[in-house]
$ cat data28.txt   # compact mmCIF, C-alpha atoms
# COMPACT_ATOMS: atom_id res chain seq x y z
CA MET A 1407 -15.74 -11.79 -3.50
CA ARG A 1408 -14.41 -9.04 -1.19
CA ALA A 1409 -10.95 -8.09 -2.46
CA PHE A 1410 -8.13 -5.56 -2.32
CA LEU A 1411 -4.71 -4.86 -3.82
CA ALA A 1412 -1.80 -4.40 -1.43
CA ILE A 1413 1.93 -4.47 -0.87
CA ASP A 1414 3.12 -7.16 1.51
CA LEU A 1415 5.60 -5.90 4.09
CA PRO A 1416 8.99 -7.57 4.64
CA GLU A 1417 9.68 -9.27 7.97
CA PRO A 1418 11.92 -6.51 9.44
CA VAL A 1419 9.16 -3.94 8.82
CA VAL A 1420 6.48 -6.21 10.29
CA SER A 1421 8.68 -6.79 13.37
CA ALA A 1422 9.20 -3.05 13.86
CA LEU A 1423 5.48 -2.36 13.46
CA MET A 1424 4.62 -5.13 15.91
CA GLN A 1425 6.83 -3.43 18.52
CA VAL A 1426 4.72 -0.29 18.09
CA ILE A 1427 1.47 -2.26 18.21
CA LEU A 1428 2.49 -4.13 21.37
CA ALA A 1429 3.20 -0.82 23.11
CA LEU A 1430 -0.24 0.64 22.28
CA PRO A 1431 -2.14 1.54 25.46
CA VAL A 1432 -5.62 1.37 23.83
CA GLY A 1433 -7.40 0.00 20.77
CA ARG A 1434 -7.86 -3.30 18.98
CA PRO A 1435 -4.49 -4.12 17.39
CA VAL A 1436 -4.20 -5.41 13.84
CA SER A 1437 -2.84 -8.94 13.74
CA GLU A 1438 0.67 -9.51 12.43
CA ASP A 1439 -0.73 -11.48 9.47
CA ASN A 1440 -2.89 -8.53 8.39
CA LEU A 1441 -0.19 -5.85 8.22
CA HIS A 1442 0.02 -4.55 4.65
CA LEU A 1443 -0.03 -1.37 2.58
CA THR A 1444 -3.35 -1.17 0.75
CA LEU A 1445 -3.15 0.13 -2.80
CA ALA A 1446 -6.87 -0.13 -3.59
CA PHE A 1447 -9.88 -1.61 -1.82
CA LEU A 1448 -11.98 -3.34 -4.46
CA ASP A 1449 -15.00 -4.19 -2.28
CA ASP A 1450 -17.20 -7.07 -3.49
CA GLN A 1451 -16.47 -8.12 -7.08
CA SER A 1452 -17.41 -11.07 -9.23
CA GLU A 1453 -14.76 -13.62 -10.17
CA GLU A 1454 -15.13 -12.46 -13.78
CA GLN A 1455 -14.35 -8.85 -12.85
CA LEU A 1456 -11.36 -9.91 -10.78
CA GLU A 1457 -10.10 -12.04 -13.66
CA ARG A 1458 -10.38 -9.06 -16.04
CA LEU A 1459 -8.53 -6.94 -13.50
CA HIS A 1460 -5.86 -9.63 -13.16
CA TYR A 1461 -5.08 -9.45 -16.88
CA GLU A 1462 -5.05 -5.63 -16.79
CA LEU A 1463 -2.58 -5.68 -13.87
CA LEU A 1464 -0.25 -8.05 -15.71
CA ASP A 1465 0.35 -5.23 -18.22
CA LEU A 1466 1.36 -2.57 -15.66
CA GLN A 1467 4.84 -1.17 -16.15
CA MET A 1468 6.36 0.02 -12.88
CA PRO A 1469 9.94 0.13 -11.69
CA PRO A 1470 10.65 -1.24 -8.20
CA LEU A 1471 10.00 1.22 -5.35
CA GLU A 1472 11.71 2.16 -2.10
CA LEU A 1473 9.21 3.10 0.61
CA GLY A 1474 9.63 4.52 4.09
CA PHE A 1475 7.56 5.79 6.99
CA ASP A 1476 7.31 9.29 8.42
CA GLY A 1477 5.34 8.84 11.64
CA LEU A 1478 1.96 7.85 13.04
CA GLY A 1479 -1.45 9.26 12.26
CA SER A 1480 -5.13 8.58 12.73
CA PHE A 1481 -8.35 8.62 10.74
CA GLY A 1482 -11.68 9.70 12.11
CA SER A 1483 -13.20 13.12 12.48
CA GLY A 1484 -13.53 14.07 16.12
CA SER A 1485 -12.52 10.78 17.69
CA PRO A 1486 -9.86 8.56 16.04
CA LYS A 1487 -11.16 5.30 14.60
CA ILE A 1488 -7.88 4.00 13.14
CA LEU A 1489 -4.24 4.43 14.13
CA PHE A 1490 -1.73 3.99 11.33
CA ALA A 1491 1.93 4.23 10.35
CA ARG A 1492 2.12 6.85 7.61
CA ILE A 1493 4.07 6.11 4.41
CA ALA A 1494 6.40 8.97 3.44
CA ASP A 1495 5.53 10.87 0.25
CA ASN A 1496 6.53 8.85 -2.78
CA ALA A 1497 5.68 9.91 -6.34
CA SER A 1498 6.23 6.39 -7.72
CA LEU A 1499 3.76 4.92 -5.22
CA MET A 1500 1.18 7.52 -6.19
CA ASP A 1501 1.77 6.65 -9.86
CA LEU A 1502 1.24 2.95 -9.08
CA HIS A 1503 -2.03 3.82 -7.35
CA ARG A 1504 -3.20 5.81 -10.39
CA GLN A 1505 -2.28 2.96 -12.74
CA ILE A 1506 -4.22 0.52 -10.57
CA ARG A 1507 -7.27 2.80 -10.61
CA ARG A 1508 -7.13 2.96 -14.41
CA ALA A 1509 -6.74 -0.84 -14.65
CA ALA A 1510 -9.77 -1.29 -12.38
CA HIS A 1511 -11.77 1.10 -14.56
CA ARG A 1512 -10.84 -0.90 -17.69
CA ALA A 1513 -12.02 -4.06 -15.85
CA ASP A 1514 -15.38 -2.37 -15.10
CA ILE A 1515 -14.63 -2.11 -11.38
CA VAL A 1516 -15.79 1.15 -9.84
CA LEU A 1517 -13.56 2.24 -6.96
CA ALA A 1518 -14.62 4.69 -4.27
CA ARG A 1519 -13.51 8.24 -5.00
CA GLU A 1520 -11.31 8.90 -2.01
CA ARG A 1521 -8.02 10.70 -1.67
CA TYR A 1522 -5.33 8.03 -1.39
CA LYS A 1523 -3.36 8.29 1.85
CA PRO A 1524 -0.76 5.50 1.92
CA HIS A 1525 -0.57 3.91 5.37
CA VAL A 1526 -0.36 0.68 7.32
CA THR A 1527 -3.22 0.25 9.80
CA LEU A 1528 -1.96 -0.60 13.30
CA ALA A 1529 -5.11 -0.50 15.45
CA ARG A 1530 -8.84 0.12 15.26
CA PHE A 1531 -11.04 1.89 17.79
CA GLY A 1532 -14.54 0.82 16.75
CA ARG A 1533 -16.76 3.88 16.80
CA GLY A 1534 -13.86 5.94 18.04
CA VAL A 1535 -11.49 6.31 20.96
CA HIS A 1536 -13.43 6.55 24.22
CA TRP A 1537 -12.95 9.94 25.84
CA ARG A 1538 -11.20 8.30 28.81
CA ASP A 1539 -8.59 6.79 26.45
CA ALA A 1540 -8.09 9.83 24.21
CA ASP A 1541 -5.30 11.34 26.35
CA GLN A 1542 -3.40 8.03 26.46
CA LEU A 1543 -3.58 7.73 22.67
CA ALA A 1544 -2.55 11.36 22.13
CA GLU A 1545 0.44 10.87 24.45
CA PHE A 1546 1.40 7.65 22.65
CA ILE A 1547 1.30 9.38 19.24
CA ASN A 1548 3.31 12.32 20.64
CA ASP A 1549 5.92 9.94 22.07
CA HIS A 1550 6.23 8.21 18.68
CA VAL A 1551 6.09 11.29 16.45
CA SER A 1552 9.70 10.81 15.36
CA LEU A 1553 9.37 7.03 15.17
CA THR A 1554 11.99 5.47 12.94
CA LEU A 1555 10.84 2.44 11.01
CA PRO A 1556 12.93 0.69 8.36
CA ALA A 1557 12.59 1.70 4.72
CA PHE A 1558 11.96 -1.20 2.39
CA PRO A 1559 12.18 -2.14 -1.28
CA VAL A 1560 9.01 -3.07 -3.12
CA ASN A 1561 9.22 -5.39 -6.11
CA THR A 1562 5.70 -6.84 -6.10
CA PHE A 1563 2.12 -6.22 -5.08
CA SER A 1564 -0.74 -8.68 -4.69
CA LEU A 1565 -4.44 -9.23 -5.16
CA PHE A 1566 -6.05 -10.50 -1.94
CA GLU A 1567 -9.40 -11.92 -1.00
CA SER A 1568 -10.63 -10.69 2.39
CA GLN A 1569 -13.06 -12.84 4.35
CA LEU A 1570 -14.69 -11.20 7.35
CA HIS A 1571 -14.97 -13.26 10.53
CA GLN A 1572 -15.98 -12.51 14.10
CA ASP A 1573 -12.34 -12.16 15.16
CA GLY A 1574 -11.39 -10.00 12.18
CA ALA A 1575 -10.55 -10.41 8.51
CA LEU A 1576 -8.63 -13.30 6.99
CA HIS A 1577 -6.62 -12.44 3.88
CA HIS A 1578 -5.79 -14.92 1.15
CA GLN A 1579 -3.42 -14.02 -1.68
CA LEU A 1580 -4.99 -14.66 -5.11
CA ALA A 1581 -2.22 -13.33 -7.38
CA GLU A 1582 1.13 -11.54 -7.24
CA TYR A 1583 2.39 -8.95 -9.74
CA GLU A 1584 6.10 -8.24 -10.30
CA PHE A 1585 7.35 -4.80 -11.22
CA ALA A 1586 9.30 -4.16 -14.40
CA GLY A 1587 12.93 -5.21 -14.21
CA GLN A 1588 12.24 -8.22 -11.95
CA ALA A 1589 13.40 -11.67 -13.02
$ encode --input "data28.txt" --output "structure tokens"
Amino acid sequence: MRAFLAIDLPEPVVSALMQVILALPVGRPVSEDNLHLTLAFLDDQSEEQLERLHYELLDLQMPPLELGFDGLGSFGSGSPKILFARIADNASLMDLHRQIRRAAHRADIVLARERYKPHVTLARFGRGVHWRDADQLAEFINDHVSLTLPAFPVNTFSLFESQLHQDGALHHQLAEYEFAGQA
């Protein structure tokens, strides 16, 4: 089962991000239902591995977080392949990510060794932004460099199944985990 761990975004944040997405001059926008902050992509795992991970995650001890954004960015060497809203530096979020990696390891799930860059994907560009669209995208990012998006409290994160379809991925929540101090 293809799965990932993520933080769901509250409605005011989704609305603000949708305003940015609707203004994009190029790219394939992410659907409103798929906006989230990925904590770890688990790739394809057996139900047994995901169940072991579930029990490991129940033991995590994390206080609630407050997250914010600090602008737009892109991934892709040479030509951007993804446009995203960048999450501002947050030591507690990085600690949560490390704890999740350790829990995955204890559940015998091997995660890719990548530097974690917290973000919310806004649009995809396939193999990259076409050279004719590159200037429009650069101008859009420049115009939104000081973009103000609402900060938001985080009290939970979730395990999701991701099913790939022709029109994009469909995400289904499998479990939700509350942070310490939550009723």
$ closest_residue --input "data28.txt" --among "A:Lys1487, A:His1511, A:His1525, A:Arg1458" --to "Leu1443 in chain A" --atoms "only C-alpha atoms"
A:His1525
$ closest_residue --input "data28.txt" --among "A:Phe1546, A:Phe1490, A:Tyr1461, A:Phe1558" --to "Arg1512 in chain A" --atoms "all atoms listed in the file"
A:Tyr1461
$ atom_distance --input "data28.txt" --atom1 "CA of Leu1555 in chain A" --atom2 "CA of Gln1569 in chain A"
29.1 Å
$ atom_distance --input "data28.txt" --atom1 "CA of Gln1467 in chain A" --atom2 "CA of Gln1505 in chain A"
8.9 Å
$ atom_distance --input "data28.txt" --atom1 "CA of Leu1580 in chain A" --atom2 "CA of Met1407 in chain A"
11.2 Å
$ residues_around --input "data28.txt" --residues "range 1500-1502 of chain A" --least-positions-apart "6" --cutoff "10 Å" --atoms "only C-alpha atoms" --output "ChimeraX atom specification"
/A:1445,1466-1469,1471,1508,1522-1524
